[in-house]
Amino acid sequence: MAGTIYPDGHETVAILPSGASTRIRPLRPADASLLMEFAARITPEDLRLRFFAVLPGISPEMAPTLTRVDFTSDMALIAERLDKEEILGVARYMSDAVAQEAEFAVLLRSDCKGQGIGWKLMQRLVEAAREQCIKRLTGWVLVENTNMIKFCRELGFSIRRNPDDPLTVVASLSLV
């Protein structure tokens, strides 16, 4: 990650359907404690649906790793309140070595679902991936996570069964 430059051009204020605003910006190493606070406000069930395992949250050891982003091949965006530093959601992609495809993930604070924050994050993430010439975003979703599957479909992702794991589907979006 040496030499990675923070992409401040990805900072924006998004207007949600309610008329409220949220700041969307790239995740920074200084956000480690905010990320732990964010995870503490996510239900165990929402964490399980995202990480496919029961997790107690984000540990002090894990947070610095998650906040170090190599912006040349990866992107992590957060939505935060305008009036104070408080993460409402995170969306990220991690691209392959040749940056042709990237795996995406999105996670919202449990009390922030259904407000349009995930939409705004994913729209910005797709824009960032296109700017990096990534051709496809792909993510794995538990079959039981019907809300996420619906969300992906509404964003234009195709959904197909994962032939390697009957418990998951593959959500994929062509960016070309």
# chains A, B, ... in the order shown; residues from 1 in each chain; ligands from 1
$ select_by_dssp --residues "region 14-167 of chain A" --states "strand (DSSP E or B)" --output "ChimeraX atom specification"
/A:14-15,21-26,74-80,87-95,101-108,136-142,158-161
$ residues_around --residues "region 108-124 of chain A" --least-positions-apart "5" --cutoff "9 Å" --atoms "only C-alpha atoms" --output "list in words"
His10, Ala14, Ile15, Leu16, Pro17, Ser18, Thr22, Ile24, Phe38, Ala39, Ala40, Arg41, Ile42, Thr43, Asp46, Leu77, Ile78, Ala79, Ile87, Leu88, Gly89, Val90, Ala91, Arg92, Ala129, Phe151 and Leu155 of chain A
$ write_last_selection --atoms "C-alpha atoms" --output "PDB file, in the first residue's frame"
ATOM      1  CA  HIS A  10     -14.751  10.203  -4.495  1.00  0.00           C
ATOM      2  CA  ALA A  14     -25.782  12.196  -1.383  1.00  0.00           C
ATOM      3  CA  ILE A  15     -29.430  13.128  -0.946  1.00  0.00           C
ATOM      4  CA  LEU A  16     -31.504  10.192   0.337  1.00  0.00           C
ATOM      5  CA  PRO A  17     -35.145   9.573  -0.651  1.00  0.00           C
ATOM      6  CA  SER A  18     -36.263  11.097   2.676  1.00  0.00           C
ATOM      7  CA  THR A  22     -25.215  11.611   3.927  1.00  0.00           C
ATOM      8  CA  ILE A  24     -19.976   9.309   1.009  1.00  0.00           C
ATOM      9  CA  PHE A  38     -20.240   0.889  13.271  1.00  0.00           C
ATOM     10  CA  ALA A  39     -20.003  -2.898  13.628  1.00  0.00           C
ATOM     11  CA  ALA A  40     -21.226  -2.705  17.231  1.00  0.00           C
ATOM     12  CA  ARG A  41     -24.508  -1.289  15.867  1.00  0.00           C
ATOM     13  CA  ILE A  42     -25.096  -4.202  13.493  1.00  0.00           C
ATOM     14  CA  THR A  43     -27.206  -7.108  14.708  1.00  0.00           C
ATOM     15  CA  ASP A  46     -26.972  -8.965   9.844  1.00  0.00           C
ATOM     16  CA  LEU A  77     -16.526   3.775   0.598  1.00  0.00           C
ATOM     17  CA  ILE A  78     -18.415   4.761   3.705  1.00  0.00           C
ATOM     18  CA  ALA A  79     -21.615   6.683   4.229  1.00  0.00           C
ATOM     19  CA  ILE A  87     -20.423   5.400   9.847  1.00  0.00           C
ATOM     20  CA  LEU A  88     -23.838   4.343   8.543  1.00  0.00           C
ATOM     21  CA  GLY A  89     -22.689   1.917   5.844  1.00  0.00           C
ATOM     22  CA  VAL A  90     -19.682   0.528   3.997  1.00  0.00           C
ATOM     23  CA  ALA A  91     -19.341  -0.732   0.415  1.00  0.00           C
ATOM     24  CA  ARG A  92     -16.140  -2.068  -1.057  1.00  0.00           C
ATOM     25  CA  ALA A 129     -15.095   0.561 -10.451  1.00  0.00           C
ATOM     26  CA  PHE A 151     -31.364  -5.199  -3.698  1.00  0.00           C
ATOM     27  CA  LEU A 155     -29.399  -2.428  -9.056  1.00  0.00           C
TER      28      LEU A 155
END
$ closest_residue --among "A:Arg25, A:Arg50, A:Arg153, A:Arg81" --to "Trp140 (chain A)" --atoms "only C-alpha atoms"
A:Arg50
$ residues_around --residues "Leu137 (chain A)" --least-positions-apart "4" --cutoff "8 Å" --atoms "only C-alpha atoms" --output "JSON, numbers by chain"
{"A": [93, 101, 102, 103, 104, 126, 172, 173, 174, 175]}
$ write_last_selection --atoms "N, CA and C atoms" --output "PDB file, in the first residue's frame"
ATOM      1  N   TYR A  93     -14.992  -2.907  -2.964  1.00  0.00           N
ATOM      2  CA  TYR A  93     -14.640  -3.945  -3.917  1.00  0.00           C
ATOM      3  C   TYR A  93     -13.154  -4.213  -3.791  1.00  0.00           C
ATOM      4  N   GLU A 101     -11.945  -7.833 -12.979  1.00  0.00           N
ATOM      5  CA  GLU A 101     -13.118  -8.180 -12.182  1.00  0.00           C
ATOM      6  C   GLU A 101     -12.852  -7.837 -10.738  1.00  0.00           C
ATOM      7  N   ALA A 102     -13.919  -7.564 -10.005  1.00  0.00           N
ATOM      8  CA  ALA A 102     -13.772  -7.238  -8.589  1.00  0.00           C
ATOM      9  C   ALA A 102     -14.908  -7.882  -7.809  1.00  0.00           C
ATOM     10  N   GLU A 103     -14.595  -8.272  -6.596  1.00  0.00           N
ATOM     11  CA  GLU A 103     -15.598  -8.788  -5.671  1.00  0.00           C
ATOM     12  C   GLU A 103     -16.118  -7.607  -4.851  1.00  0.00           C
ATOM     13  N   PHE A 104     -17.434  -7.507  -4.722  1.00  0.00           N
ATOM     14  CA  PHE A 104     -18.014  -6.407  -3.966  1.00  0.00           C
ATOM     15  C   PHE A 104     -18.672  -6.918  -2.689  1.00  0.00           C
ATOM     16  N   VAL A 126     -19.999   1.459  -7.977  1.00  0.00           N
ATOM     17  CA  VAL A 126     -20.025   1.086  -9.397  1.00  0.00           C
ATOM     18  C   VAL A 126     -19.307   2.160 -10.225  1.00  0.00           C
ATOM     19  N   SER A 172     -23.877 -10.619 -10.097  1.00  0.00           N
ATOM     20  CA  SER A 172     -22.861 -10.146 -11.021  1.00  0.00           C
ATOM     21  C   SER A 172     -23.393  -8.986 -11.860  1.00  0.00           C
ATOM     22  N   LEU A 173     -22.547  -7.974 -12.055  1.00  0.00           N
ATOM     23  CA  LEU A 173     -22.916  -6.800 -12.836  1.00  0.00           C
ATOM     24  C   LEU A 173     -21.815  -6.501 -13.838  1.00  0.00           C
ATOM     25  N   SER A 174     -22.170  -6.500 -15.108  1.00  0.00           N
ATOM     26  CA  SER A 174     -21.217  -6.110 -16.152  1.00  0.00           C
ATOM     27  C   SER A 174     -21.109  -4.601 -16.165  1.00  0.00           C
ATOM     28  N   LEU A 175     -19.893  -4.070 -16.223  1.00  0.00           N
ATOM     29  CA  LEU A 175     -19.655  -2.641 -16.224  1.00  0.00           C
ATOM     30  C   LEU A 175     -19.227  -2.108 -17.580  1.00  0.00           C
TER      31      LEU A 175
END
$ atom_distance --atom1 "CA of Leu34 (chain A)" --atom2 "CA of Phe52 (chain A)"
22.6 Å
$ select_by_dssp --residues "chain A" --states "alpha helix (DSSP H)" --output "PyMOL selection string"
chain A and resi 32-40+44-51+62-67+117-131+146-154
$ atom_distance --atom1 "CA of Arg130 (chain A)" --atom2 "CA of Thr72 (chain A)"
12.7 Å
$ closest_residue --among "A:Val141, A:Ala105, A:Arg48, A:Thr146" --to "Val169 (chain A)" --atoms "only C-alpha atoms"
A:Val141
$ closest_residue --among "A:Glu11, A:Asp31, A:Glu85, A:Asp96" --to "Pro64 (chain A)" --atoms "only C-alpha atoms"
A:Asp31
$ closest_residue --among "A:Leu47, A:Gly9, A:Leu55, A:Val69" --to "Ala30 (chain A)" --atoms "only C-alpha atoms"
A:Val69
$ closest_residue --among "A:Met94, A:Val13, A:Leu142, A:Val106" --to "Glu80 (chain A)" --atoms "only C-alpha atoms"
A:Val13
$ closest_residue --among "A:Pro166, A:Gly139, A:Pro60, A:Pro26" --to "Tyr6 (chain A)" --atoms "only C-alpha atoms"
A:Pro26
